[in-house]
Amino acid sequence: MMIAAKYDSLKIENIVASGAIADSINLAEVAERVDSCELNTKRFPGAVLRMKEPKIASLIFSSGKVVLTGIRDEQALSTGLAHIIREMRNAGVETYDTPRVAITNIVCSYDIGKYINLNKLVITLNLENIEYEPEQFPGLVYRLKDPKIVALLFSSGKIILTGGKNLDDIRRGLDLLEQKLESVM
C-alpha cells in the first residue's frame, strides 16, 4: 500500500521563525510610534506587532529578539520580516542590516486517505516514542528522533507534523512514518 501520491495532501499550516533584528529595542517608543503594535507589559514582556498582509503576528522584545508566527511560506517570511524592519527603522530603532532570523518550527497537516488503527499501532511501535491516552486526547503522539519531528496521528487518517525546521525534515519524517504505518495497515 502506498500512502497518497508523494505528499499530495501535505499542507503548511504555520511557520514560526525567530532571531534578532537589533541589539536592543525601546518597546515603549515603538508601541507609541507604530499603529499596529501593542504593548502591555503587565500581561506580556514584549510588544505584539500584527500584520494584515501577509497575516503574521510578531513578538518583539527589548533585547532585539523577535518571534514571527502565522507564516505560510518563505516568501511571506521575507515580506513580513522586511515589514517589521521598516516599521522599526521608522520608529527610530537601529536594526541590523541583515536580520538574524531563521525558521524554528514548521507545522504541517497531511491526510493519508485511510483509516489508522491507533490501538494496533501502539502495539507495533516503540513504546518509548509514543503517547496514547484516548480518554485524554483522540490522537496518538509519535516522536521521531531523526529527523526530530513530532507526529499527531488520528484514526481518520489525518496527521499533524511539527518540529521540522524545513520541508525536507517534514518529508523525511513522513517517509519514516509511512514505513511504520505500512506494517500496520
# chains A, B, ... in the order shown; residues from 1 in each chain; ligands from 1
call {"tool": "residues_around", "arguments": {"residues": "Val16 (chain A)", "least_positions_apart": "2", "cutoff": "6 Å", "atoms": "only C-alpha atoms", "output": "list of chain:residue names"}}
result
A:Leu68, A:Thr69, A:Ile103, A:Thr104, A:Asn105
call {"tool": "write_last_selection", "arguments": {"atoms": "N, CA, C and O atoms", "output": "compact mmCIF listing (two decimals), in the first residue's frame"}}
result
# COMPACT_ATOMS: atom_id res chain seq x y z
N LEU A 68 8.24 35.39 14.96
CA LEU A 68 7.16 35.59 13.97
C LEU A 68 6.36 34.30 13.86
O LEU A 68 6.95 33.22 13.79
N THR A 69 5.04 34.42 13.81
CA THR A 69 4.20 33.24 13.69
C THR A 69 3.02 33.54 12.77
O THR A 69 2.67 34.69 12.57
N ILE A 103 13.89 30.04 10.48
CA ILE A 103 12.72 29.19 10.77
C ILE A 103 13.10 28.24 11.92
O ILE A 103 14.14 27.59 11.88
N THR A 104 12.24 28.18 12.94
CA THR A 104 12.49 27.31 14.08
C THR A 104 11.49 26.16 14.17
O THR A 104 11.75 25.18 14.86
N ASN A 105 10.36 26.28 13.48
CA ASN A 105 9.35 25.22 13.54
C ASN A 105 8.39 25.36 12.36
O ASN A 105 7.95 26.46 12.04
call {"tool": "residues_around", "arguments": {"residues": "Leu81 (chain A)", "least_positions_apart": "6", "cutoff": "10 Å", "atoms": "only C-alpha atoms", "output": "PyMOL selection string"}}
result
chain A and resi 17+21+56+58+66+68+75+87+99+101
call {"tool": "residues_around", "arguments": {"residues": "region 125-129 of chain A", "least_positions_apart": "4", "cutoff": "7 Å", "atoms": "only C-alpha atoms", "output": "ChimeraX atom specification"}}
result
/A:121,142-144
call {"tool": "write_last_selection", "arguments": {"atoms": "N, CA, C and O atoms", "output": "short mmCIF file (atom, residue, chain, number, x, y, z; two decimals), in the first residue's frame"}}
result
data_model
loop_
_atom_site.label_atom_id
_atom_site.label_comp_id
_atom_site.auth_asym_id
_atom_site.auth_seq_id
_atom_site.Cartn_x
_atom_site.Cartn_y
_atom_site.Cartn_z
N LEU A 121 -1.42 0.23 16.20
CA LEU A 121 -0.18 0.99 16.04
C LEU A 121 0.61 1.05 17.35
O LEU A 121 1.83 0.93 17.36
N TYR A 142 3.50 10.55 18.28
CA TYR A 142 4.67 9.74 17.94
C TYR A 142 5.86 10.66 17.72
O TYR A 142 5.80 11.56 16.90
N ARG A 143 6.92 10.43 18.48
CA ARG A 143 8.12 11.27 18.41
C ARG A 143 9.21 10.54 17.63
O ARG A 143 9.68 9.50 18.07
N LEU A 144 9.59 11.14 16.51
CA LEU A 144 10.70 10.60 15.73
C LEU A 144 11.99 11.25 16.23
O LEU A 144 11.99 12.43 16.58
#
call {"tool": "select_by_dssp", "arguments": {"residues": "region 30-111 of chain A", "states": "helix (DSSP H, G or I)", "output": "VMD selection string"}}
result
chain A and resid 30 to 33 74 to 90
call {"tool": "select_by_dssp", "arguments": {"residues": "region 17-121 of chain A", "states": "strand (DSSP E or B)", "output": "number ranges by chain"}}
result
A: 17-22, 37-39, 47-51, 56-60, 65-71, 95-111
call {"tool": "closest_residue", "arguments": {"among": "A:Glu13, A:Ile71, A:Arg89, A:Gly80", "to": "Ile25 (chain A)", "atoms": "only C-alpha atoms"}}
result
A:Arg89
call {"tool": "atom_distance", "arguments": {"atom1": "CA of Ser9 (chain A)", "atom2": "CA of Gly70 (chain A)"}}
result
19.6 Å
call {"tool": "closest_atom_pairs", "arguments": {"of": "region 3-104 of chain A", "to": "region 161-175 of chain A", "cutoff": "12 Å", "atoms": "only C-alpha atoms", "output": "Markdown table"}}
result
| residue | atom | partner | partner_atom | distance |
| --- | --- | --- | --- | --- |
| A:Ile3 | CA | A:Asp175 | CA | 9.4 |
| A:Ala4 | CA | A:Leu174 | CA | 11.3 |
| A:Lys6 | CA | A:Arg171 | CA | 9.3 |
| A:Tyr7 | CA | A:Arg171 | CA | 7.8 |
| A:Asp8 | CA | A:Arg171 | CA | 11.4 |
| A:Ser9 | CA | A:Leu174 | CA | 11.7 |
| A:Leu10 | CA | A:Arg171 | CA | 8.9 |
| A:Lys11 | CA | A:Leu161 | CA | 10.0 |
| A:Ile12 | CA | A:Leu167 | CA | 8.9 |
| A:Glu13 | CA | A:Leu161 | CA | 9.7 |
| A:Asn14 | CA | A:Thr162 | CA | 9.4 |
| A:Ile15 | CA | A:Lys165 | CA | 8.8 |
| A:Val16 | CA | A:Lys165 | CA | 9.1 |
| A:Ala17 | CA | A:Lys165 | CA | 9.2 |
| A:Ser18 | CA | A:Lys165 | CA | 11.5 |
| A:Asp73 | CA | A:Leu167 | CA | 10.4 |
| A:Glu74 | CA | A:Asn166 | CA | 10.1 |
| A:Ala102 | CA | A:Lys165 | CA | 8.7 |
| A:Ile103 | CA | A:Lys165 | CA | 5.8 |
| A:Thr104 | CA | A:Lys165 | CA | 5.3 |
call {"tool": "closest_residue", "arguments": {"among": "A:Ile159, A:Ala57, A:Met51, A:Leu181", "to": "Gly139 (chain A)", "atoms": "only C-alpha atoms"}}
result
A:Ile159
call {"tool": "atom_distance", "arguments": {"atom1": "CA of Lys145 (chain A)", "atom2": "CA of Leu176 (chain A)"}}
result
10.6 Å
call {"tool": "closest_residue", "arguments": {"among": "A:Ser109, A:Gln136, A:Asn90, A:Ser78", "to": "Glu29 (chain A)", "atoms": "only C-alpha atoms"}}
result
A:Asn90
call {"tool": "decode", "arguments": {"residues": "region 59-153 of chain A", "atoms": "C-alpha atoms", "output": "short mmCIF file (atom, residue, chain, number, x, y, z; two decimals), in the first residue's frame"}}
result
data_model
loop_
_atom_site.label_atom_id
_atom_site.label_comp_id
_atom_site.auth_asym_id
_atom_site.auth_seq_id
_atom_site.Cartn_x
_atom_site.Cartn_y
_atom_site.Cartn_z
CA LEU A 59 6.53 39.31 19.20
CA ILE A 60 9.19 41.94 19.68
CA PHE A 61 11.38 42.04 22.78
CA SER A 62 13.56 44.79 24.26
CA SER A 63 16.59 42.52 23.74
CA GLY A 64 16.18 42.98 19.98
CA LYS A 65 14.85 39.48 19.51
CA VAL A 66 11.70 38.68 17.55
CA VAL A 67 9.39 35.71 17.05
CA LEU A 68 7.16 35.59 13.97
CA THR A 69 4.20 33.24 13.69
CA GLY A 70 1.34 32.64 11.29
CA ILE A 71 3.70 32.43 8.32
CA ARG A 72 2.56 30.21 5.43
CA ASP A 73 5.65 30.14 3.20
CA GLU A 74 9.18 31.51 2.88
CA GLN A 75 8.02 34.42 0.71
CA ALA A 76 5.65 35.53 3.49
CA LEU A 77 8.55 35.30 5.96
CA SER A 78 10.70 37.59 3.78
CA THR A 79 7.85 40.05 3.23
CA GLY A 80 6.89 40.05 6.93
CA LEU A 81 10.45 40.49 8.12
CA ALA A 82 11.01 43.38 5.69
CA HIS A 83 7.81 44.99 7.04
CA ILE A 84 9.00 44.66 10.66
CA ILE A 85 12.43 46.11 9.84
CA ARG A 86 10.81 49.04 8.00
CA GLU A 87 8.43 49.73 10.93
CA MET A 88 11.28 49.51 13.47
CA ARG A 89 13.51 51.87 11.48
CA ASN A 90 10.61 54.32 11.03
CA ALA A 91 10.18 54.21 14.83
CA GLY A 92 13.87 55.10 15.31
CA VAL A 93 15.24 51.62 16.07
CA GLU A 94 18.74 50.90 14.81
CA THR A 95 18.26 47.45 13.25
CA TYR A 96 20.84 45.08 11.82
CA ASP A 97 21.47 45.42 8.09
CA THR A 98 20.84 41.68 7.83
CA PRO A 99 18.36 40.34 10.40
CA ARG A 100 19.47 37.10 12.09
CA VAL A 101 16.11 35.34 11.83
CA ALA A 102 15.58 31.69 10.91
CA ILE A 103 12.72 29.19 10.77
CA THR A 104 12.49 27.31 14.08
CA ASN A 105 9.35 25.22 13.54
CA ILE A 106 7.09 24.18 10.69
CA VAL A 107 3.63 22.71 11.36
CA CYS A 108 2.07 20.71 8.53
CA SER A 109 -1.08 18.69 8.06
CA TYR A 110 -1.29 15.55 5.97
CA ASP A 111 -4.05 13.10 5.06
CA ILE A 112 -3.11 9.55 4.16
CA GLY A 113 -6.65 8.93 2.95
CA LYS A 114 -7.11 5.77 5.03
CA TYR A 115 -8.26 4.77 8.50
CA ILE A 116 -5.42 4.28 11.01
CA ASN A 117 -5.95 1.66 13.71
CA LEU A 118 -4.28 3.53 16.58
CA ASN A 119 -4.60 0.63 19.04
CA LYS A 120 -2.79 -1.69 16.63
CA LEU A 121 -0.18 0.99 16.04
CA VAL A 122 0.52 1.27 19.78
CA ILE A 123 1.38 -2.44 19.86
CA THR A 124 3.61 -2.20 16.77
CA LEU A 125 5.61 0.97 17.51
CA ASN A 126 8.38 1.51 20.05
CA LEU A 127 6.59 2.44 23.27
CA GLU A 128 9.34 4.91 24.27
CA ASN A 129 8.42 7.17 21.35
CA ILE A 130 4.63 7.23 21.70
CA GLU A 131 1.95 8.67 23.90
CA TYR A 132 -1.58 7.41 23.50
CA GLU A 133 -4.30 8.05 26.03
CA PRO A 134 -7.56 8.04 24.04
CA GLU A 135 -9.60 9.11 27.08
CA GLN A 136 -7.46 12.28 27.30
CA PHE A 137 -6.75 13.03 23.62
CA PRO A 138 -8.08 11.28 20.48
CA GLY A 139 -4.71 11.19 18.71
CA LEU A 140 -1.53 9.22 19.07
CA VAL A 141 1.63 11.26 19.64
CA TYR A 142 4.67 9.74 17.94
CA ARG A 143 8.12 11.27 18.41
CA LEU A 144 10.70 10.60 15.73
CA LYS A 145 14.35 11.01 16.70
CA ASP A 146 15.88 11.73 13.27
CA PRO A 147 14.55 13.97 11.91
CA LYS A 148 13.32 15.38 15.21
CA ILE A 149 9.63 15.55 14.33
CA VAL A 150 6.51 15.02 16.43
CA ALA A 151 3.56 13.49 14.59
CA LEU A 152 -0.01 13.51 15.86
CA LEU A 153 -1.88 10.63 14.21
#
